[in-house]
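See below for the structure under consideration.
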Amino acid sequence: MKKSIGATIAVAALVLAACGSDGDGGASGVQGEAADAAMAAGTDAGFGFDEACVNDLAKQLSDADAQAIVDSGGQNSDLSPEGEALSDDLLGCIDNDDLIDQFIIGLTSSGQEVDEDCVREKLEGVDLSQMADDSDLPDEVVVELIQCFDLGG
């Protein structure tokens, strides 16, 4: 079960591996272009962003990382370690309810029968943005989530 949860979070992190936004006080130049591309890709994937948060991260991108994001159309890009770290931080710019929705989509798309309302209740107060692509949910959360699954027993 932990591997499925970790895989779902990993997919979300990969979708978001290029981050940014443009707007009032937003990133400019190639960082602004990267921001626009990544925001569009993330929005298409079903995530709502805090634009100011995304702009702050986009401003920190190197020119090379920003260009890689622009070249990929905001999709998963070959980024430097610093760019990858910023992409992990992007999860903090996403509404937690959107992360939970994508988490549930990941579970159900794998064929797992799950009580969606139960999952939402059990994840209330859990900050999924803290889950990097190689992290698992805390054991106590997993124990709570087990109650939401039809384990065929």
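Naming works like this for the structure tokens: A, B, ... for the chains as they're shown, residue 1 at the start of each chain, ligands 1 onward in shown order.
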
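Look at segment 63-69 of chain A: the protein and nucleic acid residues within 6 Å of it, using only C-alpha atoms and passing over chain neighbours fewer than 3 places away, are A:Ala18, A:Val30, A:Gln31, A:Ala34, A:Ser72, A:Gly74, A:Ser77, A:Leu79.
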
- Long-range neighbours of Ile100 of chain A as a PyMOL selection string, 10 Å cut-off, only C-alpha atoms, 6 positions minimum in chain: chain A and resi 9+106+116+119-120+123-124+126-128

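Closest approach to Leu86 of chain A from the set A:Asp50, A:Glu113, A:Asp56, A:Asp98 is made by A:Asp56, with distances taken over only C-alpha atoms.
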
- Pairwise distance, atom CA of Ser80 of chain A with atom CA of Ile94 of chain A, equals 22.2 Å

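Distance check against Lys59 of chain A using only C-alpha atoms: of A:Gly125, A:Gly92, A:Leu137, A:Glu33, the minimum falls on A:Glu33.
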